[in-house]
Each structure stands twice: as structure tokens, then as C-alpha cells.
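Remarks on the structure that follows.
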Amino acid sequence: MTALWGAVVLSGVYHGANPGMGWPLAVSAGLMEGRNRAMLNAIGALAVGHLLAMLAILLPFSVMSAMARWQTEIRIGAGALVIAVGIYLLLNRRHPRFLSRIHPTKLALWSFLAAMAHGAGLMLVPIYLGICGLDVADTGHDAARALMGQNIASAFLVALAHTLAMTVAGGVIAVAIYAYFGLKFLSHTWFNLDVVWALSLVLVGALGVYFALRGH
Amino acid sequence: MTLRPDPTFHATAQLAMQAPVENYGFTVMLSPDGAQPDGIAVVDLDPESADYGRIVHTLLMPYKGDEFHHFGWNACSASLSPLSGHAFLERRYLIVPGIRSSRIYVIDVKEPLEAKIHKIIEPEEVFAKTGYSRPHTIHCGPEGIYVSTLGGGGADGTDGPPGIFIMDCETFEIIGQYEMDRGPQDKHYDFWWNLPQDYMVSSEWGLPPQFENGIVPEDLLSNKYGHSIHFWDLRKRKNIQTIDLGENHQMALEIRPAHDPKKSYGFCGVVVDTTNLQGAIFTWWRDADGTWQAEKTITIDPRPEQPENLPPLLQGFEAVPPLVTDIDLSLDDKYLYVACWGMGEMHQYDVSDPMNPELTGKVELGGIARGAKHPGGGDFAFGPQMVEISRDGKRVYWTNSLYSSWDEQFYPGQDGGQMVMARVGENGGLELDPDFYVDFPKGYRAHQIRLEGGDCSTDSFCYPNV
């Protein structure tokens, strides 16, 4: 259980540190307006978008996971889906061009779409289903409705914890570059994570399938 | 795709100024009569090199008659955009359009001395996918590579207005037209933008029949060339405002926005004022309420001259017009360089206060009825034309040809291609380097220059100076 929540937080740190999830936008917003406040607002908007993207992916799974009988199948299917998206991103290394049509001030929308396009929410699904699965085991066979309520609650918890970790990680980098290191470090800290990111999806999906087959 | 951002991408204009200086320049070689293929000359700009100031490599195209003019990079500092970051592209390919043939070459210059053609886009593909013709200015931006065109469809390029189209920045596939709502825009020349503020500005030269076979004096005197600049919502692809600079301000050409994206102003050069033959620079800016304004902030007077010394085109005016054909702004937004191609002068203005430019330097070279020689002793055909500034702002390079058919009208009987360099003083001022004088191979003229690692008219910066 601790390991799974650890994974939720770690994936948040990972997403937050990835420039593709928006911390350079926060730096840019702060500098363009010349106020710390603008950067904090930007970080907040990015967090809102990311949170919504996580919920948009997790909530449908929380509804499905209420079908306790099919739990293993759902977890294997979800794992396979995550692997498939990872492989797709490995093969198709083109950047989603529609992201560049978004106005630079619509940061929450940008953050939502960027997370969706990169499958950021999917990375959480196997972890989340793992957490739901544990709950099922702990409580025995509850009524489906109660279980669903519980799963929806944990979807919110997982999304919140993940987004909080993501915001702190991205925020720390943005503030450090804005206030201390300067923009020279922007290109120094910007690594090409495309392949690593896609492989992470494959790995998380594979782990999801593995634990589902082993019954946790 | 690389693991780290290309070292020639810079977050701010300031960082670009501090970066290592240029070792090579790439200059267009133009065969004015189409007798030879056009090409790209690689010029050695490293003062430590034995070949300093010489053409060390030339790459000629497989076709003739393309008429090379402007060109640009596949990727620049705009790739560090926080919104559409393509930070792992390489600044490696030059996109070189032929404005007469509408053919586009993608040239790999990763090894400048082994520059080679990577891809050729045939004119038919440009016509079919864009409805435009005569591709011209290149900028790398949020959705890929943006290419402005001078002509619409049809044989003479007047079937529909010209505009901008977008190319994929990795495959160089043509994607299609940029504009969704062009408003009153019906001619095209240059364009540039401010990426974080999300605006674009475009300008107007004339339609192909007005320039391809030479300048049409009747059209000029009846003010039929372009005289408006257009402001666009960059990402909505919509013309939001058009400013008419006044119909006497014929040919509003180069658009130079401030490089620091925090600033909401820039400049536009006007070739000639038909009421008094002056050349002019307009400063454009955005008001607090969001509307765009433009005001004439520099005028350059014509020089009186005996008719017998003038080309037939100008004899009736008894004067040499300055003909402001190119302008360029240093990366610190401090100096604006203004090429007076008719008069044979390069001016340097301090534009720290963009509404009150001050003339701080001037060089005479070539010129109608003057033909000032280079201090190194060489001839300089025509006048100073396409100008490019080193990133650090200390060296200013320029060439001499305007456009094949126009060269003959303003400088009958002259020929040749030269590229020269002037040094900028500590506190302004401009002085030609007597030792830097590149004479192009016989039969070739020189046009736009691009500097290795970026220069002052390619890169768009996504973060403000600090």
C-alpha cells in the first residue's frame, strides 16, 4: 500500500519535472509580467489543468472498477492500454501540433491537453487500480455502490496527491530558475524525455498486468 | 532529435548575444539572367582562419532560373517556446525558396563545408497544397516553418491573394495555408511576430506583375504598390487590424519587431514616398487598450542630381531617392540599420527610444551616380542592400543586389556581387572593414546572408531579457 502511494507521489514529481508538462510556461509568465504573482498564478493554472486531466482518466476507471468480479480483467486491460500508448509514443515521436494553437494565457487548458496528449493520466491508472484492488481485499465483498463511492473517493485522492507532488516539483524548478539560476539554465535543464516517458508508460503498464495476474 | 537542446537555441536575446560568435556565413548566389544555377556560398567569417573573408564552399542547385532571394533556418530559438517546445530539433537545414520558380530547397548545412541538398519541393506541390506561389520569407514558429509568398495562384500569381503557408519542421511536408481570416490583406511581403504576446505583423510589396519584369513606374506613381501593414492574432490566424501607412508610402517591406518579447513595438521600412522621394521608417506599437498604432519616425531625404547622371527611370526627378530596401535591428534592440540602396548608404540609428531614433553612424558605398568604392579598393556594384548583424551586434554584413530585374533599371550596365562588413564602435558608429571584401564569382549577384548559429533576423525569443 505504501509503495503504491509512493508511486503516486513519485509519478507526480516525475511529471512536474518534465518541461513538457509546463514549468517553462510558469517561468515565462513570471518574466513577461515581471511579478512573482504571475508565476504563482501560472503554476496554479497548470496544476488545475493537470488535476482535471488525471480525473478525466481515473474516474471512468473508478466506475469500472466497481465491477469487482472483473477486477483482474480490468486491470490487465488497463495495463495493456497503457503499454499500447507507450509503444505508440515510442513509434510516433511527432509532437502534437494542436498544442501550439492554444493562446499562451490559457494555461489550464494547455496543461489539460498536454497531459492528455502525452498519456500522463494513463501512467497513474495501473497504480490507481492497484490501490482500489487492495481496498477490495481489505473490505471483502461490499455492495457495488459502496465500492464505487470508495473508488471515486480514492480517484480524487490519487489525482490530488499526484498533482500536488507534480506542482511542487515543477514549481521548485520554475522558482529556482526564475529567482536564482536564470534562463541560461532553462536550456541546461531541458532534457529530451520523450523516449524515457514512453518507456515509463510501458513499464507501468507491464507492472500493472503483472500484479493483476499475481493477484496484487 | 537530440538529447539536449541545440546549443544555438537561446531563451533570451541577451543570451544569444553572449553566445560564441559566427564562424561561417551563408549567402545567396543569384544568376540574374538564369544562365547558371543559383546557389549558396559559404563564407569563412573566422578571423583566425587562413580563408577568412573568402567563399570556401559553393553549393549550386540542379535547376536554373529559381531566383533565390530570402531564406531561413528550419529551427531557431523559437524551439524553446514553453508552449510548443521542440527543444530537440537541430538548427541544421536552410530553407531556400526560389521566388521565380516557386521551388523550395532544403539544404543540410550541418557540415558547412559539405553543405548538400536534403530535399527539393517542386513548384507544383507548392501550388497544389497552398494556392500560393513565389515563396519568400522563412520563419520557424509554433506550428512549424512559416513561409510567406509574394503571389497567389495562376500563371501570373494574381489568382487570389498571396499569403503564408506552413511546413512541417521535421519532414518538411507542406501543411497548407496559414490564414483563416485575412481581412483586407491582398498583397504580401515580410512577416514576423512576438510569440509570447501572440501577435504577428505582415507587410506588402506588390503583386508579381508589378515586380517580376521590373518596377512598373506607372504603378508606382499611381501608388499601386503595397502601403499597409497587417496585425494578426498569431494562433487564431486572424487579421485583427490593418494600418494604412498612407498611399504615398510605397512598398512597406521589412518588419522588425523588438527582439525582447516583453516589448510591444517594432519597425517597418518604406522604400519610397512618392510625394518627395524620401525613404521612411515607421515605428508601430500597441496601445494600452490593445489597438495598434504606427507613426513615421525616420525620414531620409533624396539627393539632388543632374539628370544626365541618372538612369532613365529617375531623370525626370533630378534626384537620387534613398530607396530603403532593407532594415535590421540588433539583438539588444538598440541599433536599427537602414540600407539606402539607391543613394548608396548604410545608416545606423540608435532606437533605444523607438519613437525618437537618432542617426549615429553612416557608411557610403556604391550608389546611383556616386559609385563610392570600398576602402579596400574594390568596386561595389549597386548599393548596400540585404543587411545582417552578428548576434553580439559588433559586425554588420551586407550585400548589394536588390532584385535581378530592378538592379538593371536603377543601375543600368552594372553587374557583380559583393559582400562587405562594417564594425560597430563601442558607442555606436559604423566603419567598413577594409580587409573584408568578398567578390562573388563572375555572373553571380549576392543577396540575403544567414549567419551560422542564428542572426538578428531569424531567431524569435520566447522569454524576456532580465
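Here's how to read the names in the C-alpha cells: chain A, B, ... by the order shown, residue numbers from 1 in each chain, ligand numbers from 1 in the order shown.
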**OP:** With a distance cut-off of 7 Å and only C-alpha atoms, select the neighbouring residues of segment 127-137 of chain B, excluding the residue or stretch itself and same-chain residues fewer than 6 positions from it, and output the selection as a list of chain:residue names.
**Re:**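 Result of the neighbour search: B:His70, B:Phe71, B:Pro97, B:Gly98, B:Ile99, B:Arg100, B:Ser101, B:Ser102, B:Val147, B:Ser148, B:Thr149, B:Leu150, B:Gly151, B:Gly152, B:Gly153, B:Gly157, B:Pro162, B:Gly163, B:Phe165, B:Ile174, B:Gly176, B:Gln177, B:Asp190.
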Subject >> Contact residues (chain A, partner chain B, 7 Å, only C-alpha atoms) as a ChimeraX atom specification >> reply: /A:22,24-25,28,31-32,97,99-104,183,187,190-192
Original post:
Between A:Met123, A:Leu58, A:Val175, A:Leu52, which has the minimum distance to Arg37 of chain A (counting only C-alpha atoms)?
Top reply: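 Looking only at the distances to Arg37 of chain A, the closest residue turns out to be A:Val175.
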**OP:** Enumerate, as JSON, numbers by chain, the complete set of residues in segment 87-278 of chain B that a backbone-based DSSP assignment places in alpha helix (DSSP H).
**Re:** {"B": [123, 124, 125, 126, 127, 128, 129, 130, 217, 218, 219, 220, 221]}
Write out the residues from the selection above, keeping N, CA and C atoms, as a compact mmCIF listing (two decimals), in the first residue's frame.
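Done, and the output landed in result-v1.txt:
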# COMPACT_ATOMS: atom_id res chain seq x y z
N PRO B 123 7.59 23.06 -57.54
CA PRO B 123 6.59 24.14 -57.55
C PRO B 123 5.15 23.61 -57.57
N GLU B 124 4.93 22.52 -58.32
CA GLU B 124 3.56 22.00 -58.43
C GLU B 124 2.98 21.66 -57.06
N GLU B 125 3.86 21.17 -56.18
CA GLU B 125 3.39 20.80 -54.85
C GLU B 125 3.02 22.05 -54.04
N VAL B 126 3.84 23.10 -54.19
CA VAL B 126 3.54 24.36 -53.51
C VAL B 126 2.19 24.89 -54.00
N PHE B 127 1.99 24.92 -55.32
CA PHE B 127 0.73 25.44 -55.88
C PHE B 127 -0.46 24.61 -55.36
N ALA B 128 -0.31 23.28 -55.46
CA ALA B 128 -1.44 22.42 -55.16
C ALA B 128 -1.82 22.48 -53.68
N LYS B 129 -0.82 22.53 -52.80
CA LYS B 129 -1.14 22.44 -51.38
C LYS B 129 -1.45 23.78 -50.73
N THR B 130 -1.04 24.88 -51.38
CA THR B 130 -1.22 26.17 -50.72
C THR B 130 -2.07 27.14 -51.53
N PRO B 217 6.76 51.86 -63.43
CA PRO B 217 6.74 53.25 -62.97
C PRO B 217 5.32 53.81 -62.84
N GLU B 218 4.43 53.43 -63.78
CA GLU B 218 3.05 53.98 -63.71
C GLU B 218 2.37 53.51 -62.43
N ASP B 219 2.62 52.25 -62.04
CA ASP B 219 2.00 51.73 -60.82
C ASP B 219 2.56 52.45 -59.59
N LEU B 220 3.86 52.74 -59.64
CA LEU B 220 4.48 53.42 -58.50
C LEU B 220 3.91 54.83 -58.38
N LEU B 221 3.85 55.54 -59.51
CA LEU B 221 3.40 56.93 -59.45
C LEU B 221 1.91 57.03 -59.16
Selection near segment 69-82 of chain A, 7 Å with only C-alpha atoms, sequence-local residues under 5 positions removed, as a PDB file with C-alpha atoms, in the first residue's frame:
ATOM      1  CA  LEU A 122      -2.755   6.761 -18.059  1.00  0.00           C
ATOM      2  CA  MET A 123       0.534   6.399 -16.224  1.00  0.00           C
ATOM      3  CA  PRO A 126      -2.305   0.814 -13.053  1.00  0.00           C
ATOM      4  CA  LEU A 129      -6.260   0.219  -9.869  1.00  0.00           C
ATOM      5  CA  LEU A 201       4.288   4.076 -19.704  1.00  0.00           C
ATOM      6  CA  VAL A 202       5.286   0.644 -20.980  1.00  0.00           C
ATOM      7  CA  GLY A 205       1.538  -0.878 -17.759  1.00  0.00           C
ATOM      8  CA  ALA A 206       3.608  -4.061 -17.587  1.00  0.00           C
ATOM      9  CA  GLY A 208       0.025  -3.366 -13.700  1.00  0.00           C
ATOM     10  CA  VAL A 209      -0.526  -6.514 -15.751  1.00  0.00           C
ATOM     11  CA  ALA A 212      -3.045  -8.183 -11.664  1.00  0.00           C
ATOM     12  CA  LEU A 213      -2.066 -11.694 -12.712  1.00  0.00           C
TER      13      LEU A 213
END
Can you tell me, as a PDB file with C-alpha atoms, in the first residue's frame, which residues in segment 192-318 of chain B count as strand (DSSP E) by DSSP?
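Once everything was written out, this is selection-v6.pdb:
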ATOM      1  CA  TRP B 192       7.392  38.488 -38.082  1.00  0.00           C
ATOM      2  CA  TRP B 193       5.894  38.109 -34.640  1.00  0.00           C
ATOM      3  CA  ASN B 194       6.104  38.189 -30.871  1.00  0.00           C
ATOM      4  CA  TYR B 199       0.784  38.669 -32.444  1.00  0.00           C
ATOM      5  CA  MET B 200       2.149  38.726 -35.968  1.00  0.00           C
ATOM      6  CA  VAL B 201       2.793  41.668 -38.272  1.00  0.00           C
ATOM      7  CA  SER B 202       2.931  41.378 -42.064  1.00  0.00           C
ATOM      8  CA  SER B 228      -0.357  48.816 -45.407  1.00  0.00           C
ATOM      9  CA  ILE B 229       0.803  46.648 -42.546  1.00  0.00           C
ATOM     10  CA  HIS B 230      -1.383  43.962 -41.028  1.00  0.00           C
ATOM     11  CA  PHE B 231      -1.609  42.820 -37.421  1.00  0.00           C
ATOM     12  CA  TRP B 232      -2.667  39.246 -36.734  1.00  0.00           C
ATOM     13  CA  ASP B 233      -3.768  37.128 -33.818  1.00  0.00           C
ATOM     14  CA  LYS B 238      -6.846  36.092 -37.928  1.00  0.00           C
ATOM     15  CA  ASN B 239      -6.120  39.603 -39.201  1.00  0.00           C
ATOM     16  CA  ILE B 240      -7.147  41.842 -36.300  1.00  0.00           C
ATOM     17  CA  GLN B 241      -6.117  45.236 -37.641  1.00  0.00           C
ATOM     18  CA  THR B 242      -4.756  46.807 -40.805  1.00  0.00           C
ATOM     19  CA  ILE B 243      -2.940  50.122 -40.734  1.00  0.00           C
ATOM     20  CA  ASP B 244      -2.672  52.058 -43.976  1.00  0.00           C
ATOM     21  CA  HIS B 249       4.318  55.368 -48.707  1.00  0.00           C
ATOM     22  CA  GLN B 250       5.001  52.835 -51.425  1.00  0.00           C
ATOM     23  CA  MET B 251       6.330  49.380 -50.619  1.00  0.00           C
ATOM     24  CA  ALA B 252       6.214  48.723 -46.893  1.00  0.00           C
ATOM     25  CA  LEU B 253       8.769  45.939 -46.745  1.00  0.00           C
ATOM     26  CA  GLU B 254      10.769  44.657 -43.792  1.00  0.00           C
ATOM     27  CA  ILE B 255       9.070  44.095 -40.433  1.00  0.00           C
ATOM     28  CA  ARG B 256      11.444  44.158 -37.452  1.00  0.00           C
ATOM     29  CA  PRO B 257       9.792  43.672 -34.051  1.00  0.00           C
ATOM     30  CA  TYR B 265       6.745  47.610 -30.754  1.00  0.00           C
ATOM     31  CA  GLY B 266       8.796  47.299 -33.879  1.00  0.00           C
ATOM     32  CA  PHE B 267       9.735  48.949 -37.148  1.00  0.00           C
ATOM     33  CA  CYS B 268       8.809  48.820 -40.797  1.00  0.00           C
ATOM     34  CA  GLY B 269      10.848  50.239 -43.672  1.00  0.00           C
ATOM     35  CA  VAL B 270       9.146  52.051 -46.560  1.00  0.00           C
ATOM     36  CA  VAL B 271      11.059  52.123 -49.863  1.00  0.00           C
ATOM     37  CA  VAL B 272       9.868  55.449 -51.212  1.00  0.00           C
ATOM     38  CA  ASP B 273       7.435  58.254 -50.514  1.00  0.00           C
ATOM     39  CA  GLY B 279      12.742  56.860 -47.629  1.00  0.00           C
ATOM     40  CA  ALA B 280      10.992  56.266 -44.322  1.00  0.00           C
ATOM     41  CA  ILE B 281      10.862  54.107 -41.235  1.00  0.00           C
ATOM     42  CA  PHE B 282       7.638  53.694 -39.306  1.00  0.00           C
ATOM     43  CA  THR B 283       7.547  52.665 -35.668  1.00  0.00           C
ATOM     44  CA  TRP B 284       4.496  50.548 -34.827  1.00  0.00           C
ATOM     45  CA  TRP B 285       3.347  49.802 -31.304  1.00  0.00           C
ATOM     46  CA  ARG B 286       0.414  48.583 -29.269  1.00  0.00           C
ATOM     47  CA  TRP B 292      -2.098  49.130 -32.900  1.00  0.00           C
ATOM     48  CA  GLN B 293      -0.588  52.420 -33.969  1.00  0.00           C
ATOM     49  CA  ALA B 294       2.107  53.418 -36.441  1.00  0.00           C
ATOM     50  CA  GLU B 295       3.997  56.657 -36.865  1.00  0.00           C
ATOM     51  CA  LYS B 296       6.756  57.790 -39.198  1.00  0.00           C
ATOM     52  CA  THR B 297       9.881  58.207 -37.051  1.00  0.00           C
ATOM     53  CA  ILE B 298      12.710  58.392 -39.606  1.00  0.00           C
ATOM     54  CA  THR B 299      12.782  60.153 -42.965  1.00  0.00           C
ATOM     55  CA  ILE B 300      15.751  60.147 -45.318  1.00  0.00           C
ATOM     56  CA  ARG B 303      19.966  63.725 -53.050  1.00  0.00           C
ATOM     57  CA  PRO B 304      19.636  66.188 -55.953  1.00  0.00           C
TER      58      PRO B 304
END
**OP:** For Asn41 of chain A, work out the shell of residues within 9 Å, counting only C-alpha atoms and skipping chain neighbours fewer than 3 positions away, then give it as a ChimeraX atom specification.
**Re:** /A:26,29-30,36-38,44-46
**OP:** Quick one: everything within 7 Å of His259 of chain B, counting only C-alpha atoms, minus sequence neighbours fewer than 2 positions away in the same chain. Send it as a ChimeraX atom specification.
**Re:** /B:13,257,261,331,333,460-461
Original post:
By how many Å are atom CA of Gly383 of chain B and atom CA of Gly344 of chain B apart?
Top reply: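 These two atoms are separated by 4.4 Å.
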Original post:
Within 12 Å of Lys373 of chain B, counting only C-alpha atoms, which residues qualify if same-chain residues fewer than 3 places away don't, as a VMD selection string?
Top reply: chain B and resid 344 to 345 363 to 367 370 376 to 384 418 420 432 434 437
Create the file for the chosen residues now, containing C-alpha atoms and written as a CSV table (one decimal), in the first residue's frame.
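Result written to result.csv:
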chain,number,residue,atom,x,y,z
B,344,GLY,CA,24.5,54.0,-51.7
B,345,GLU,CA,24.5,54.4,-47.9
B,363,VAL,CA,28.8,54.5,-44.4
B,364,GLU,CA,28.8,55.4,-48.1
B,365,LEU,CA,29.3,52.6,-50.6
B,366,GLY,CA,28.2,52.3,-54.3
B,367,GLY,CA,25.1,54.3,-55.0
B,370,ARG,CA,28.1,58.1,-57.0
B,376,GLY,CA,39.9,48.1,-49.6
B,377,GLY,CA,39.9,49.5,-53.1
B,378,GLY,CA,37.3,47.2,-54.6
B,379,ASP,CA,34.2,48.3,-56.6
B,380,PHE,CA,30.8,47.9,-55.1
B,381,ALA,CA,28.1,47.4,-57.7
B,382,PHE,CA,24.6,48.9,-56.9
B,383,GLY,CA,24.2,49.9,-53.3
B,384,PRO,CA,24.1,48.4,-49.8
B,418,GLN,CA,29.9,41.8,-53.3
B,420,VAL,CA,31.2,43.5,-47.1
B,432,LEU,CA,33.8,49.5,-43.1
B,434,PRO,CA,38.9,47.5,-45.4
B,437,TYR,CA,35.5,42.2,-49.2
**OP:** List the neighbours of Glu212 of chain B out to 10 Å using only C-alpha atoms; skip same-chain residues closer than 4 positions along the sequence, and give me the result as a list in words.
**Re:** Ile99, Arg100, Asp156, Gly206, Leu207, Pro208, Val216, Tyr403, Ser404, Ser405 and Trp406 of chain B
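Note that the spacing between atom CA of Gly39 of chain B and atom CA of Ala446 of chain B amounts to 9.9 Å.
For the pair atom CA of Arg103 of chain B and atom CA of Ile120 of chain B, the interatomic distance is 7.3 Å.
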Original post:
When distances are computed from only C-alpha atoms, which of A:Ile127, A:Phe112, A:Ala84, A:Tyr14 shows the smallest separation from Thr2 of chain A?
Top reply: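 Once distances to Thr2 of chain A are computed over only C-alpha atoms, the minimum belongs to A:Ile127.
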